[in-house]
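Below: the structure, in structure tokens.
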Amino acid sequence: MINVIGLGYIGLPTALMLAAHDNEVVGTDIKKEIVDNLKGKKLTFEEQGMEELFKTALSKKIRFETAPVATDFYIITTPTPYDAKTKKIDCSYVINALKSVLPVALEHAVIVVESTVSPGSMDNFIRPVVEEYMSNSGKTIHLAHAPERIIPGNMVHELLTNARTIGADDETVGEKVKQIYTSFCQGEISLTDIKTAEMTKVVENTFRDINIAFANELAKICREANMNVHEVIRIANKHPRVNILSPGPGVGGHCISVDPWFLVGEYPYLTKLIYQARQINDSMPEFVLRRIGEIMEKHDLHDFSRVGLYGLTYKENVDDIRESPTLQLLESMKNHLATGLKVYDPMVKRELVQNQYHDLDAFLKDVDLLVLMVGHDEIKKNFSKLNGKIILDTRNIFPLEGCYTL
């Protein structure tokens, strides 16, 4: 039996996928509301393909609890934030989950940490907790690290098809973990040591962050030089060895915008490029705000209450608001003279910010300048409703001429 600890964006689809492929699974989360919803056959967030996966898992062997159960295989998927000042990882959620598991874990149980951690975190923070418990209890517990590799919006498909990395300092333990993941993973599974597994995950997201930062810096240069950055990138990418990503209003989510800081926090004197990339990407919401001001001045607009931000999530077609560029922009406006700026996102049902709308038509009726922060399918299907609006397209999704870009 497999006990998945933490039923958030990573843990829940992982638990469902394991169950759907004939593993006996218990999904555990300390939040009773989440567990009660799942017991009542109600998903806790929206994701393409999750409804079907949920139904399949429920027809197999899966149940949901608020406390860990006694078994010999655990997967921990709790959050790993970072300290905003030191940029170092905060492993407290993982450690708390670990401490809840150890007392009920069976002899020779394997505990797999899927949470993304900075290189060395397993040795520096996780392993000492396990070793102290083994010393006091006389039990033997094994550790492994299998960093998640999925992205909101495409989680189900990527769980099935993405390559995986399993880090274990004991070959027998690594093979046991690989056998579990092979039950559903169609991608290549690489076995390595724990520290290398930690590093590969952080490096993957850091590479993308640097690429995006290059695109965002190009956007600023092209704005200064009165060029279309998207045309520049389109042509440059025709070179067979060039693949520049797209600029945007900022970098959000809990991976690309967070993982590079783990390296900066641990190696501050060796991460000059990584640090600068983070600074560039974190500056983009402010850059968007300046562009809004320029466009308002050009059109003799003075009322920020007639400006609307479309999109609160960090990417299209998901309800994930973690590190959202829109929320970063709104935060930067707290001390700004502008007030009344309107916000709408079809994926965010709960009341999250001031002046938030829950109906597209009502939102569009009340704004003159529309800022496209996220390219949800909904807005792409309703471009005809934007006639007559001044548009700042930060995602390069609007198909007609006449709108402003970064």
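Every chain in the structure tokens takes a letter, A first, then B, and so on in the order presented; its residues are numbered from 1, and the ligands are numbered from 1 following the presented order.
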
Can you list every residue of region 156-236 of chain A that has an atom at most 12 Å from region 4-12 of chain A, with its nearest atom pair and the distance in Å to one decimal, using only C-alpha atoms, ordered by chain then number, as CSV?
```
residue,atom,partner,partner_atom,distance
A:Val156,CA,A:Ile10,CA,10.3
A:Glu158,CA,A:Ile10,CA,11.5
A:Leu159,CA,A:Ile10,CA,9.7
```

Please provide the set of residues having any atom within 8 Å of Thr161 (chain A), restricted to only C-alpha atoms, with same-chain residues fewer than 6 positions apart removed, written as a list in words. Cys185, Gln186 and Gly187 of chain A

List the neighbours of region 223-229 of chain A out to 12 Å using only C-alpha atoms; skip same-chain residues closer than 5 positions along the sequence, and give me the result as a PDB file with C-alpha atoms, in the first residue's frame.
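What ended up in around01.pdb:
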```
ATOM      1  CA  PHE A 214      16.492  36.729 -21.861  1.00  0.00           C
ATOM      2  CA  ALA A 215      13.185  37.100 -23.701  1.00  0.00           C
ATOM      3  CA  ASN A 216      11.954  39.666 -21.176  1.00  0.00           C
ATOM      4  CA  GLU A 217      15.160  41.668 -21.442  1.00  0.00           C
ATOM      5  CA  LEU A 218      14.775  41.584 -25.231  1.00  0.00           C
ATOM      6  CA  ARG A 234      10.015  34.595 -34.402  1.00  0.00           C
ATOM      7  CA  ILE A 235      12.743  35.148 -36.976  1.00  0.00           C
ATOM      8  CA  ALA A 236      15.644  34.355 -34.610  1.00  0.00           C
ATOM      9  CA  ILE A 244      14.037  31.742 -27.340  1.00  0.00           C
ATOM     10  CA  LEU A 245      10.926  31.546 -25.185  1.00  0.00           C
ATOM     11  CA  SER A 246       8.253  34.247 -25.151  1.00  0.00           C
ATOM     12  CA  PRO A 247       8.361  37.374 -22.985  1.00  0.00           C
ATOM     13  CA  GLY A 248       5.498  37.982 -20.623  1.00  0.00           C
ATOM     14  CA  PHE A 287       7.237  46.993 -16.436  1.00  0.00           C
ATOM     15  CA  VAL A 288       3.633  46.150 -17.344  1.00  0.00           C
ATOM     16  CA  ARG A 290       4.668  51.390 -16.682  1.00  0.00           C
ATOM     17  CA  ARG A 291       3.321  50.326 -20.066  1.00  0.00           C
ATOM     18  CA  GLU A 294       2.269  55.107 -21.135  1.00  0.00           C
ATOM     19  CA  THR A 394       1.277  40.939 -22.568  1.00  0.00           C
ATOM     20  CA  ARG A 395       1.016  37.365 -23.872  1.00  0.00           C
ATOM     21  CA  ASN A 396       0.986  37.957 -27.647  1.00  0.00           C
ATOM     22  CA  TYR A 404      -0.219  47.258 -27.765  1.00  0.00           C
ATOM     23  CA  THR A 405       2.425  44.725 -26.720  1.00  0.00           C
ATOM     24  CA  LEU A 406       5.179  44.678 -24.152  1.00  0.00           C
TER      25      LEU A 406
END
```

Contacts of region 168-177 of chain A within 9 Å, only C-alpha atoms, excl. fewer than 3 positions in-chain, as a PyMOL selection string: chain A and resi 73+110+112+142-146+180-182+191-195+197

Compile a residue-level contact table for region 120-215 of chain A against region 48-67 of chain A at a cut-off of 12 Å, reporting for every qualifying residue the shortest atom pair and its distance in Å to one decimal, with only C-alpha atoms counted, rows ordered by chain and ascending number, as a Markdown table.
```
| residue | atom | partner | partner_atom | distance |
| --- | --- | --- | --- | --- |
| A:Ile151 | CA | A:Gln48 | CA | 11.2 |
| A:Pro152 | CA | A:Gln48 | CA | 8.8 |
| A:Gly153 | CA | A:Gln48 | CA | 6.1 |
| A:Asn154 | CA | A:Gln48 | CA | 6.5 |
| A:Met155 | CA | A:Gln48 | CA | 7.6 |
| A:Val156 | CA | A:Gly49 | CA | 6.1 |
| A:His157 | CA | A:Gly49 | CA | 8.1 |
| A:Glu158 | CA | A:Gly49 | CA | 11.1 |
| A:Leu159 | CA | A:Gly49 | CA | 11.3 |
| A:Leu160 | CA | A:Leu53 | CA | 11.6 |
```

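Separating CA of Thr14 (chain A) from CA of Phe125 (chain A) is a distance of 24.1 Å.
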
One decimal place gives the CA of Ala277 (chain A)-CA of Asn211 (chain A) separation as 8.4 Å

Going by DSSP on the backbone, which residues of region 97-341 of chain A come out as strand (DSSP E or B)? List them as an NGL selection string. :A and (109-113 or 141-145 or 164-167 or 189-192 or 307-310)

Writing out the chosen residues with N, CA and C atoms as a short mmCIF file (atom, residue, chain, number, x, y, z; two decimals), in the first residue's frame:
```cif
data_model
loop_
_atom_site.label_atom_id
_atom_site.label_comp_id
_atom_site.auth_asym_id
_atom_site.auth_seq_id
_atom_site.Cartn_x
_atom_site.Cartn_y
_atom_site.Cartn_z
N ALA A 109 10.44 0.61 5.80
CA ALA A 109 9.60 1.43 4.92
C ALA A 109 10.47 2.37 4.10
N VAL A 110 10.00 2.69 2.89
CA VAL A 110 10.66 3.66 2.01
C VAL A 110 9.84 4.94 2.01
N ILE A 111 10.50 6.05 2.28
CA ILE A 111 9.85 7.36 2.23
C ILE A 111 10.44 8.14 1.06
N VAL A 112 9.59 8.42 0.09
CA VAL A 112 10.01 9.15 -1.12
C VAL A 112 9.57 10.60 -0.98
N VAL A 113 10.50 11.52 -1.10
CA VAL A 113 10.18 12.95 -1.11
C VAL A 113 10.07 13.40 -2.56
N ILE A 141 14.58 2.83 8.33
CA ILE A 141 13.76 3.56 7.35
C ILE A 141 14.66 3.99 6.20
N HIS A 142 14.15 3.90 4.98
CA HIS A 142 14.93 4.26 3.80
C HIS A 142 14.38 5.53 3.16
N LEU A 143 15.29 6.36 2.64
CA LEU A 143 14.91 7.61 1.98
C LEU A 143 15.20 7.56 0.48
N ALA A 144 14.35 8.25 -0.28
CA ALA A 144 14.58 8.43 -1.71
C ALA A 144 14.00 9.78 -2.12
N HIS A 145 14.44 10.27 -3.27
CA HIS A 145 13.95 11.55 -3.79
C HIS A 145 13.55 11.36 -5.25
N ARG A 164 11.25 10.54 -15.59
CA ARG A 164 11.36 10.77 -14.15
C ARG A 164 12.78 10.48 -13.68
N THR A 165 13.15 11.11 -12.59
CA THR A 165 14.43 10.87 -11.94
C THR A 165 14.19 10.35 -10.53
N ILE A 166 14.87 9.29 -10.17
CA ILE A 166 14.77 8.73 -8.82
C ILE A 166 16.15 8.74 -8.19
N GLY A 167 16.27 9.43 -7.08
CA GLY A 167 17.53 9.48 -6.36
C GLY A 167 17.47 8.60 -5.13
N ILE A 189 12.87 6.36 -16.85
CA ILE A 189 13.11 6.60 -15.42
C ILE A 189 14.61 6.42 -15.15
N SER A 190 15.25 7.51 -14.74
CA SER A 190 16.70 7.48 -14.48
C SER A 190 16.95 7.30 -12.99
N LEU A 191 17.85 6.36 -12.66
CA LEU A 191 18.27 6.15 -11.28
C LEU A 191 19.60 6.83 -11.04
N THR A 192 19.68 7.58 -9.94
CA THR A 192 20.92 8.26 -9.60
C THR A 192 20.98 8.41 -8.09
N VAL A 307 -9.49 50.75 -16.19
CA VAL A 307 -8.47 49.79 -16.63
C VAL A 307 -8.78 48.43 -16.04
N GLY A 308 -8.73 47.39 -16.86
CA GLY A 308 -9.03 46.05 -16.38
C GLY A 308 -7.92 45.06 -16.68
N LEU A 309 -7.58 44.25 -15.70
CA LEU A 309 -6.61 43.17 -15.88
C LEU A 309 -7.36 41.87 -16.11
N TYR A 310 -7.12 41.25 -17.25
CA TYR A 310 -7.74 39.95 -17.52
C TYR A 310 -6.75 38.87 -17.11
#
```

Shell around region 93-105 of chain A at 8 Å using only C-alpha atoms, local window under 4 positions removed, as an MDAnalysis selection string: chainID A and resid 5 67:72 76:80 109 113 115 125:126 129:130 133

Compile the contact shell of region 325-334 of chain A as a list in words: residues with an atom at most 9 Å away, counting only C-alpha atoms, same-chain residues fewer than 2 positions apart removed. Pro249, Gly250, Val251, Gly252, Asp282, Met284, Pro285, Glu286, Val288, Leu289, Leu309, Tyr310, Gly311, Leu312, Thr313, Tyr314, Ile321, Arg322, Glu323, His336, Leu337, Ala338, Thr339, Leu341, Val343, Val353, Met373 and Val374 of chain A

Output C-alpha atoms for every residue in that selection, as a compact mmCIF listing (two decimals), in the first residue's frame.
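Saved to part.txt:
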```txt
# COMPACT_ATOMS: atom_id res chain seq x y z
CA PRO A 249 4.22 39.94 -17.63
CA GLY A 250 6.29 37.93 -15.18
CA VAL A 251 7.03 34.38 -14.10
CA GLY A 252 4.63 32.64 -11.75
CA ASP A 282 10.52 39.75 -11.01
CA MET A 284 8.14 42.47 -15.32
CA PRO A 285 4.91 43.26 -13.40
CA GLU A 286 6.34 46.75 -12.74
CA VAL A 288 3.63 46.15 -17.34
CA LEU A 289 2.42 48.84 -14.96
CA LEU A 309 -6.61 43.17 -15.88
CA TYR A 310 -7.74 39.95 -17.52
CA GLY A 311 -6.28 37.01 -15.60
CA LEU A 312 -5.34 36.28 -12.00
CA THR A 313 -3.75 32.86 -12.40
CA TYR A 314 -0.10 32.45 -13.29
CA ILE A 321 -2.57 31.66 -8.51
CA ARG A 322 0.79 30.90 -6.87
CA GLU A 323 3.34 33.67 -7.60
CA HIS A 336 0.44 53.87 -6.02
CA LEU A 337 -1.95 56.77 -6.42
CA ALA A 338 -4.01 54.67 -8.84
CA THR A 339 -7.08 53.06 -7.35
CA LEU A 341 -8.25 48.98 -11.21
CA VAL A 343 -9.71 42.38 -12.33
CA VAL A 353 -8.85 40.89 -4.65
CA MET A 373 -2.29 39.08 -18.46
CA VAL A 374 -3.26 35.44 -19.12
```
